[in-house]
There are 2 protein chains.
Amino acid sequence: MTEYATTRIQRKNQALIFEAALDVFSSFGFRGATLDQIASTAGISKPNLLYYYPSKEAIHSAVLTKLLHTWLAPLREIDENGDPIEEILLYVINKLHAARDLPRESRLFANEIVQGAPRIKSILETDLRHLVEDKVKILSKWIKQGRLAKIDPYHLIFSIWSLTQHYADFDVQVQAVTGHETSFDEAEVFLNHLYRRMLAP
Amino acid sequence: MTEYATTRIQRKNQALIFEAALDVFSSFGFRGATLDQIASTAGISKPNLLYYYPSKEAIHSAVLTKLLHTWLAPLREIDENGDPIEEILLYVINKLHAARDLPRESRLFANEIVQGAPRIKSILETDLRHLVEDKVKILSKWIKQGRLAKIDPYHLIFSIWSLTQHYADFDVQVQAVTGHETSFDEAEVFLNHLYRRMLAP
DNA sequence: AAAATGTTTGACCGTTTGGTAAAATTGACG
DNA sequence: CGTCAATTTTACCAAACGGTCAAACATTTT
């Protein structure tokens, strides 16, 4: 057995810890989460938890970095060679479905960013920034070609983030105001109307 | 002097505490804020802080309830007798200016809501819900009269909240991606385009 | 100026928190 | 089965936390 192999037990526990950490961090933020809570959610003891990760920071960091890729995947898919409006709408709908299906991931990042992103600021300034720059170039080209309305491509991307993630991050408010479970079908109809109207050249 | 009078010193300290609490709670959330931090920001000692408020919860609650009215003021101003699109755009711009001028207030509520609004859920379900119901009626009437596009009025309101507050709540991300201070003028142009296009009957 | 009231502080308390040490237990494997 | 490494637990620690208390200090009232 080599130095870097992971045992069956390690894999099982790391998966348990990951799920528990995502649960707890997304619900209470970094500061609000406790190791005891993560440990008991994972069904293990606190010292056992710290056998797998050296510190609370390390757990948080592991969860954030592992999920960042998943979280940005839909944006990567915007294809230069596709139809502008359909490509953007596909992104919008993919992000909306992500808000519906992965609300914990959404809240994890929301919690971090609303408090100044102290632990992922550098990633936002490099990886995310480069990715957005790439896509902004494509959007700008489309606009120049007259295939999209003349809008600021940065704000277009921000609008998609805010409108879709709102249904995950502020779901309690949405439910409190409407009085029932959030209807993602209604949201989809609404966003479809919004973006088709806004983006038409 | 009557039983309920406030002295000069009380007024001064309560103002200091309020500012400090808003600063700290909006930056770190309820759990992340500490009494020591609030006290030292206010320039007083912790026991002195607790001379004015009985507990951390009480400070947080005082700040939240005092600001809720301010925070909802722009929505109240939507006027049944005005021009639909202009009334809505006025609300959008007012909310955007609130995000620019009162980012602490915005983040205070964002922090609370993203973690499930444990301390203001009941207010959201009553006061906020009733206010929104009122305005939804007006919007529905406008739509029925053919003066607005056929959209879900609830989602219209949610979209305004998310698009405007995004510039306050997720400002670090916006700045990390663009590389410069957030331009609220650009945001205003963008939102103006978005809502005029979307709302036209 | 004295008394009464209002304000501030240092010292302290019990609990929670992130984290550690070492022993005990379990599992892998020849 | 025995041995060695991997895993888990018990008991614990120091710091940070929300909060208390009684005494000191300041201000207002008589």
# chains A, B, ... in the order shown; residues from 1 in each chain; ligands from 1
call {"tool": "residues_around", "arguments": {"residues": "region 188-191 of chain B", "least_positions_apart": "2", "cutoff": "7 Å", "atoms": "only C-alpha atoms (C1' of nucleotides)", "output": "list in words"}}
result
Ile151, Asp152 and His155 of chain A; Ile93, Phe184, Asp185, Glu186, His193, Leu194 and Tyr195 of chain B
call {"tool": "write_last_selection", "arguments": {"atoms": "N, CA, C and O atoms", "output": "PDB file, in the first residue's frame"}}
result
ATOM      1  N   ILE A 151     -26.246  45.925 -24.042  1.00  0.00           N
ATOM      2  CA  ILE A 151     -26.271  45.971 -22.576  1.00  0.00           C
ATOM      3  C   ILE A 151     -24.867  45.718 -22.067  1.00  0.00           C
ATOM      4  O   ILE A 151     -24.018  45.199 -22.785  1.00  0.00           O
ATOM      5  N   ASP A 152     -24.640  46.075 -20.817  1.00  0.00           N
ATOM      6  CA  ASP A 152     -23.334  45.822 -20.219  1.00  0.00           C
ATOM      7  C   ASP A 152     -23.217  44.324 -19.911  1.00  0.00           C
ATOM      8  O   ASP A 152     -23.995  43.782 -19.110  1.00  0.00           O
ATOM      9  N   HIS A 155     -22.925  43.330 -16.163  1.00  0.00           N
ATOM     10  CA  HIS A 155     -24.179  43.419 -15.413  1.00  0.00           C
ATOM     11  C   HIS A 155     -25.160  42.349 -15.835  1.00  0.00           C
ATOM     12  O   HIS A 155     -25.982  41.897 -15.026  1.00  0.00           O
TER      13      HIS A 155
ATOM     14  N   ILE B  93     -35.044  52.162  -8.954  1.00  0.00           N
ATOM     15  CA  ILE B  93     -33.945  53.113  -8.757  1.00  0.00           C
ATOM     16  C   ILE B  93     -33.794  53.474  -7.280  1.00  0.00           C
ATOM     17  O   ILE B  93     -32.669  53.585  -6.769  1.00  0.00           O
ATOM     18  N   PHE B 184     -22.499  52.290  -9.775  1.00  0.00           N
ATOM     19  CA  PHE B 184     -23.955  52.264  -9.660  1.00  0.00           C
ATOM     20  C   PHE B 184     -24.621  52.978 -10.829  1.00  0.00           C
ATOM     21  O   PHE B 184     -25.805  52.758 -11.108  1.00  0.00           O
ATOM     22  N   ASP B 185     -23.851  53.830 -11.515  1.00  0.00           N
ATOM     23  CA  ASP B 185     -24.403  54.479 -12.696  1.00  0.00           C
ATOM     24  C   ASP B 185     -24.616  53.456 -13.808  1.00  0.00           C
ATOM     25  O   ASP B 185     -25.669  53.427 -14.452  1.00  0.00           O
ATOM     26  N   GLU B 186     -23.610  52.602 -14.023  1.00  0.00           N
ATOM     27  CA  GLU B 186     -23.762  51.522 -14.997  1.00  0.00           C
ATOM     28  C   GLU B 186     -24.926  50.612 -14.636  1.00  0.00           C
ATOM     29  O   GLU B 186     -25.718  50.222 -15.490  1.00  0.00           O
ATOM     30  N   HIS B 193     -32.806  49.654 -18.717  1.00  0.00           N
ATOM     31  CA  HIS B 193     -33.042  48.889 -19.956  1.00  0.00           C
ATOM     32  C   HIS B 193     -33.853  47.634 -19.659  1.00  0.00           C
ATOM     33  O   HIS B 193     -34.857  47.354 -20.313  1.00  0.00           O
ATOM     34  N   LEU B 194     -33.390  46.893 -18.658  1.00  0.00           N
ATOM     35  CA  LEU B 194     -34.032  45.621 -18.327  1.00  0.00           C
ATOM     36  C   LEU B 194     -35.520  45.792 -18.039  1.00  0.00           C
ATOM     37  O   LEU B 194     -36.369  45.117 -18.637  1.00  0.00           O
ATOM     38  N   TYR B 195     -35.853  46.708 -17.157  1.00  0.00           N
ATOM     39  CA  TYR B 195     -37.255  46.809 -16.735  1.00  0.00           C
ATOM     40  C   TYR B 195     -38.142  47.467 -17.781  1.00  0.00           C
ATOM     41  O   TYR B 195     -39.307  47.103 -17.924  1.00  0.00           O
TER      42      TYR B 195
END
call {"tool": "interface_residues", "arguments": {"of": "chain B", "to": "chain C", "cutoff": "12 Å", "atoms": "only C-alpha atoms (C1' of nucleotides)", "output": "PyMOL selection string"}}
result
chain B and resi 1+6-10+13+44-52
call {"tool": "closest_residue", "arguments": {"among": "B:Asp101, B:Glu181, B:Asp171, B:Glu86", "to": "Lys121 (chain A)", "atoms": "only C-alpha atoms"}}
result
B:Asp171
call {"tool": "interface_residues", "arguments": {"of": "chain B", "to": "chain A", "cutoff": "7 Å", "atoms": "only C-alpha atoms", "output": "ChimeraX atom specification"}}
result
/B:27-28,31-32,107,111,113-116,124-125,128-129,151-152,155,159,162-163,166,169-170,172-173,176-177,187,190,194,197-198
call {"tool": "write_last_selection", "arguments": {"atoms": "C-alpha atoms", "output": "CSV table (one decimal), in the first residue's frame"}}
result
chain,number,residue,atom,x,y,z
B,27,SER,CA,-20.3,42.6,8.7
B,28,PHE,CA,-20.3,39.3,10.6
B,31,ARG,CA,-23.4,34.6,15.5
B,32,GLY,CA,-20.2,36.1,14.1
B,107,ARG,CA,-26.2,43.2,4.5
B,111,ASN,CA,-27.1,37.9,6.7
B,113,ILE,CA,-32.3,35.8,5.8
B,114,VAL,CA,-29.6,33.6,4.2
B,115,GLN,CA,-29.4,31.8,7.5
B,116,GLY,CA,-33.2,31.2,7.7
B,124,LEU,CA,-41.7,38.6,7.1
B,125,GLU,CA,-44.8,36.4,7.3
B,128,LEU,CA,-43.8,42.2,4.8
B,129,ARG,CA,-46.3,39.7,3.4
B,151,ILE,CA,-45.7,38.7,-15.7
B,152,ASP,CA,-46.0,37.2,-12.3
B,155,HIS,CA,-41.6,37.4,-9.2
B,159,SER,CA,-36.5,40.4,-9.1
B,162,SER,CA,-32.4,40.5,-5.8
B,163,LEU,CA,-31.1,42.7,-8.6
B,166,HIS,CA,-27.0,42.2,-5.1
B,169,ASP,CA,-24.8,42.1,-0.5
B,170,PHE,CA,-22.4,40.6,-3.0
B,172,VAL,CA,-17.0,42.0,-2.9
B,173,GLN,CA,-17.8,39.5,-5.6
B,176,ALA,CA,-13.4,41.0,-7.5
B,177,VAL,CA,-14.8,40.2,-10.9
B,187,ALA,CA,-26.1,49.4,-12.9
B,190,PHE,CA,-28.7,48.3,-17.1
B,194,LEU,CA,-34.0,45.6,-18.3
B,197,ARG,CA,-38.0,46.1,-22.0
B,198,MET,CA,-39.6,43.5,-19.7
call {"tool": "interface_residues", "arguments": {"of": "chain D", "to": "chain B", "cutoff": "8 Å", "atoms": "only C-alpha atoms (C1' of nucleotides)", "output": "PyMOL selection string"}}
result
chain D and resi 17-19
call {"tool": "select_by_dssp", "arguments": {"residues": "region 5-200 of chain A", "states": "helix (DSSP H, G or I)", "output": "count of residues only"}}
result
156
call {"tool": "atom_distance", "arguments": {"atom1": "CA of Ala20 (chain B)", "atom2": "CA of Gly43 (chain B)"}}
result
8.8 Å
call {"tool": "atom_distance", "arguments": {"atom1": "CA of Pro201 (chain B)", "atom2": "CA of Gly146 (chain B)"}}
result
6.2 Å
call {"tool": "decode", "arguments": {"residues": "region 25-138 of chain B", "atoms": "C-alpha atoms", "output": "PDB file, in the first residue's frame"}}
result
ATOM      1  CA  PHE B  25     -23.879  42.713  12.826  1.00  0.00           C
ATOM      2  CA  SER B  26     -23.932  43.632   9.125  1.00  0.00           C
ATOM      3  CA  SER B  27     -20.306  42.587   8.724  1.00  0.00           C
ATOM      4  CA  PHE B  28     -20.345  39.317  10.634  1.00  0.00           C
ATOM      5  CA  GLY B  29     -23.956  38.284  11.159  1.00  0.00           C
ATOM      6  CA  PHE B  30     -25.547  37.602  14.528  1.00  0.00           C
ATOM      7  CA  ARG B  31     -23.435  34.633  15.488  1.00  0.00           C
ATOM      8  CA  GLY B  32     -20.223  36.146  14.146  1.00  0.00           C
ATOM      9  CA  ALA B  33     -20.655  39.403  16.029  1.00  0.00           C
ATOM     10  CA  THR B  34     -19.384  39.659  19.589  1.00  0.00           C
ATOM     11  CA  LEU B  35     -20.390  41.985  22.391  1.00  0.00           C
ATOM     12  CA  ASP B  36     -16.758  42.963  22.897  1.00  0.00           C
ATOM     13  CA  GLN B  37     -16.553  43.991  19.260  1.00  0.00           C
ATOM     14  CA  ILE B  38     -19.732  46.058  19.422  1.00  0.00           C
ATOM     15  CA  ALA B  39     -18.654  47.663  22.683  1.00  0.00           C
ATOM     16  CA  SER B  40     -15.195  48.574  21.465  1.00  0.00           C
ATOM     17  CA  THR B  41     -16.587  49.908  18.163  1.00  0.00           C
ATOM     18  CA  ALA B  42     -18.951  52.072  20.176  1.00  0.00           C
ATOM     19  CA  GLY B  43     -16.059  53.156  22.380  1.00  0.00           C
ATOM     20  CA  ILE B  44     -17.547  51.853  25.598  1.00  0.00           C
ATOM     21  CA  SER B  45     -16.998  48.855  27.861  1.00  0.00           C
ATOM     22  CA  LYS B  46     -18.939  45.621  27.573  1.00  0.00           C
ATOM     23  CA  PRO B  47     -20.725  45.974  30.931  1.00  0.00           C
ATOM     24  CA  ASN B  48     -21.668  49.485  29.945  1.00  0.00           C
ATOM     25  CA  LEU B  49     -23.103  48.154  26.691  1.00  0.00           C
ATOM     26  CA  LEU B  50     -25.186  45.716  28.704  1.00  0.00           C
ATOM     27  CA  TYR B  51     -26.349  48.592  30.876  1.00  0.00           C
ATOM     28  CA  TYR B  52     -28.274  49.873  27.871  1.00  0.00           C
ATOM     29  CA  TYR B  53     -29.443  46.559  26.416  1.00  0.00           C
ATOM     30  CA  PRO B  54     -30.110  43.417  28.430  1.00  0.00           C
ATOM     31  CA  SER B  55     -28.570  41.003  25.916  1.00  0.00           C
ATOM     32  CA  LYS B  56     -26.983  40.496  22.528  1.00  0.00           C
ATOM     33  CA  GLU B  57     -30.335  39.342  21.195  1.00  0.00           C
ATOM     34  CA  ALA B  58     -31.942  42.551  22.403  1.00  0.00           C
ATOM     35  CA  ILE B  59     -29.385  44.706  20.571  1.00  0.00           C
ATOM     36  CA  HIS B  60     -29.815  42.726  17.383  1.00  0.00           C
ATOM     37  CA  SER B  61     -33.568  42.838  17.616  1.00  0.00           C
ATOM     38  CA  ALA B  62     -33.548  46.582  18.283  1.00  0.00           C
ATOM     39  CA  VAL B  63     -31.411  47.252  15.218  1.00  0.00           C
ATOM     40  CA  LEU B  64     -33.466  44.969  12.972  1.00  0.00           C
ATOM     41  CA  THR B  65     -36.862  46.317  13.948  1.00  0.00           C
ATOM     42  CA  LYS B  66     -35.728  49.938  13.802  1.00  0.00           C
ATOM     43  CA  LEU B  67     -34.340  49.484  10.281  1.00  0.00           C
ATOM     44  CA  LEU B  68     -37.094  47.336   8.852  1.00  0.00           C
ATOM     45  CA  HIS B  69     -39.324  50.354   8.333  1.00  0.00           C
ATOM     46  CA  THR B  70     -36.585  52.266   6.518  1.00  0.00           C
ATOM     47  CA  TRP B  71     -35.827  49.217   4.463  1.00  0.00           C
ATOM     48  CA  LEU B  72     -39.385  48.754   3.243  1.00  0.00           C
ATOM     49  CA  ALA B  73     -40.125  52.435   2.672  1.00  0.00           C
ATOM     50  CA  PRO B  74     -39.427  52.438  -1.100  1.00  0.00           C
ATOM     51  CA  LEU B  75     -41.924  49.641  -1.715  1.00  0.00           C
ATOM     52  CA  ARG B  76     -44.645  51.514   0.130  1.00  0.00           C
ATOM     53  CA  GLU B  77     -44.281  54.407  -2.272  1.00  0.00           C
ATOM     54  CA  ILE B  78     -45.560  52.515  -5.312  1.00  0.00           C
ATOM     55  CA  ASP B  79     -48.622  54.557  -6.192  1.00  0.00           C
ATOM     56  CA  GLU B  80     -51.744  53.037  -7.678  1.00  0.00           C
ATOM     57  CA  ASN B  81     -52.519  56.291  -9.474  1.00  0.00           C
ATOM     58  CA  GLY B  82     -49.142  56.774 -11.139  1.00  0.00           C
ATOM     59  CA  ASP B  83     -47.928  55.455 -14.454  1.00  0.00           C
ATOM     60  CA  PRO B  84     -47.220  51.725 -14.024  1.00  0.00           C
ATOM     61  CA  ILE B  85     -43.819  51.542 -15.667  1.00  0.00           C
ATOM     62  CA  GLU B  86     -42.601  54.796 -14.167  1.00  0.00           C
ATOM     63  CA  GLU B  87     -43.795  53.781 -10.705  1.00  0.00           C
ATOM     64  CA  ILE B  88     -41.955  50.470 -10.910  1.00  0.00           C
ATOM     65  CA  LEU B  89     -38.812  52.069 -12.282  1.00  0.00           C
ATOM     66  CA  LEU B  90     -38.872  54.625  -9.523  1.00  0.00           C
ATOM     67  CA  TYR B  91     -38.979  51.754  -7.041  1.00  0.00           C
ATOM     68  CA  VAL B  92     -36.109  50.005  -8.812  1.00  0.00           C
ATOM     69  CA  ILE B  93     -33.945  53.113  -8.757  1.00  0.00           C
ATOM     70  CA  ASN B  94     -34.833  53.898  -5.160  1.00  0.00           C
ATOM     71  CA  LYS B  95     -33.828  50.371  -4.148  1.00  0.00           C
ATOM     72  CA  LEU B  96     -30.608  50.646  -6.124  1.00  0.00           C
ATOM     73  CA  HIS B  97     -29.755  53.899  -4.375  1.00  0.00           C
ATOM     74  CA  ALA B  98     -30.545  52.257  -1.062  1.00  0.00           C
ATOM     75  CA  ALA B  99     -28.065  49.490  -1.901  1.00  0.00           C
ATOM     76  CA  ARG B 100     -25.489  52.167  -2.686  1.00  0.00           C
ATOM     77  CA  ASP B 101     -26.175  54.418   0.290  1.00  0.00           C
ATOM     78  CA  LEU B 102     -27.209  51.896   2.934  1.00  0.00           C
ATOM     79  CA  PRO B 103     -25.161  48.765   2.249  1.00  0.00           C
ATOM     80  CA  ARG B 104     -24.909  47.910   5.939  1.00  0.00           C
ATOM     81  CA  GLU B 105     -28.675  47.773   6.260  1.00  0.00           C
ATOM     82  CA  SER B 106     -28.866  45.574   3.184  1.00  0.00           C
ATOM     83  CA  ARG B 107     -26.239  43.152   4.495  1.00  0.00           C
ATOM     84  CA  LEU B 108     -27.838  43.081   7.918  1.00  0.00           C
ATOM     85  CA  PHE B 109     -31.002  41.625   6.437  1.00  0.00           C
ATOM     86  CA  ALA B 110     -29.110  39.487   3.939  1.00  0.00           C
ATOM     87  CA  ASN B 111     -27.137  37.859   6.735  1.00  0.00           C
ATOM     88  CA  GLU B 112     -30.297  37.195   8.666  1.00  0.00           C
ATOM     89  CA  ILE B 113     -32.336  35.827   5.771  1.00  0.00           C
ATOM     90  CA  VAL B 114     -29.644  33.639   4.227  1.00  0.00           C
ATOM     91  CA  GLN B 115     -29.447  31.814   7.538  1.00  0.00           C
ATOM     92  CA  GLY B 116     -33.155  31.191   7.679  1.00  0.00           C
ATOM     93  CA  ALA B 117     -34.276  34.469   9.271  1.00  0.00           C
ATOM     94  CA  PRO B 118     -34.697  32.838  12.697  1.00  0.00           C
ATOM     95  CA  ARG B 119     -35.253  36.186  14.395  1.00  0.00           C
ATOM     96  CA  ILE B 120     -37.479  37.996  11.872  1.00  0.00           C
ATOM     97  CA  LYS B 121     -39.358  35.199  10.157  1.00  0.00           C
ATOM     98  CA  SER B 122     -42.594  36.164  11.883  1.00  0.00           C
ATOM     99  CA  ILE B 123     -42.284  39.749  10.686  1.00  0.00           C
ATOM    100  CA  LEU B 124     -41.656  38.579   7.134  1.00  0.00           C
ATOM    101  CA  GLU B 125     -44.754  36.396   7.307  1.00  0.00           C
ATOM    102  CA  THR B 126     -46.990  39.215   8.537  1.00  0.00           C
ATOM    103  CA  ASP B 127     -45.880  42.804   7.879  1.00  0.00           C
ATOM    104  CA  LEU B 128     -43.810  42.163   4.772  1.00  0.00           C
ATOM    105  CA  ARG B 129     -46.296  39.686   3.383  1.00  0.00           C
ATOM    106  CA  HIS B 130     -49.206  42.080   3.794  1.00  0.00           C
ATOM    107  CA  LEU B 131     -47.288  44.937   2.213  1.00  0.00           C
ATOM    108  CA  VAL B 132     -46.337  42.780  -0.754  1.00  0.00           C
ATOM    109  CA  GLU B 133     -49.916  41.513  -1.115  1.00  0.00           C
ATOM    110  CA  ASP B 134     -51.082  45.123  -1.307  1.00  0.00           C
ATOM    111  CA  LYS B 135     -48.627  45.969  -4.042  1.00  0.00           C
ATOM    112  CA  VAL B 136     -49.238  42.741  -5.922  1.00  0.00           C
ATOM    113  CA  LYS B 137     -52.896  43.733  -6.161  1.00  0.00           C
ATOM    114  CA  ILE B 138     -51.932  47.014  -7.772  1.00  0.00           C
TER     115      ILE B 138
END
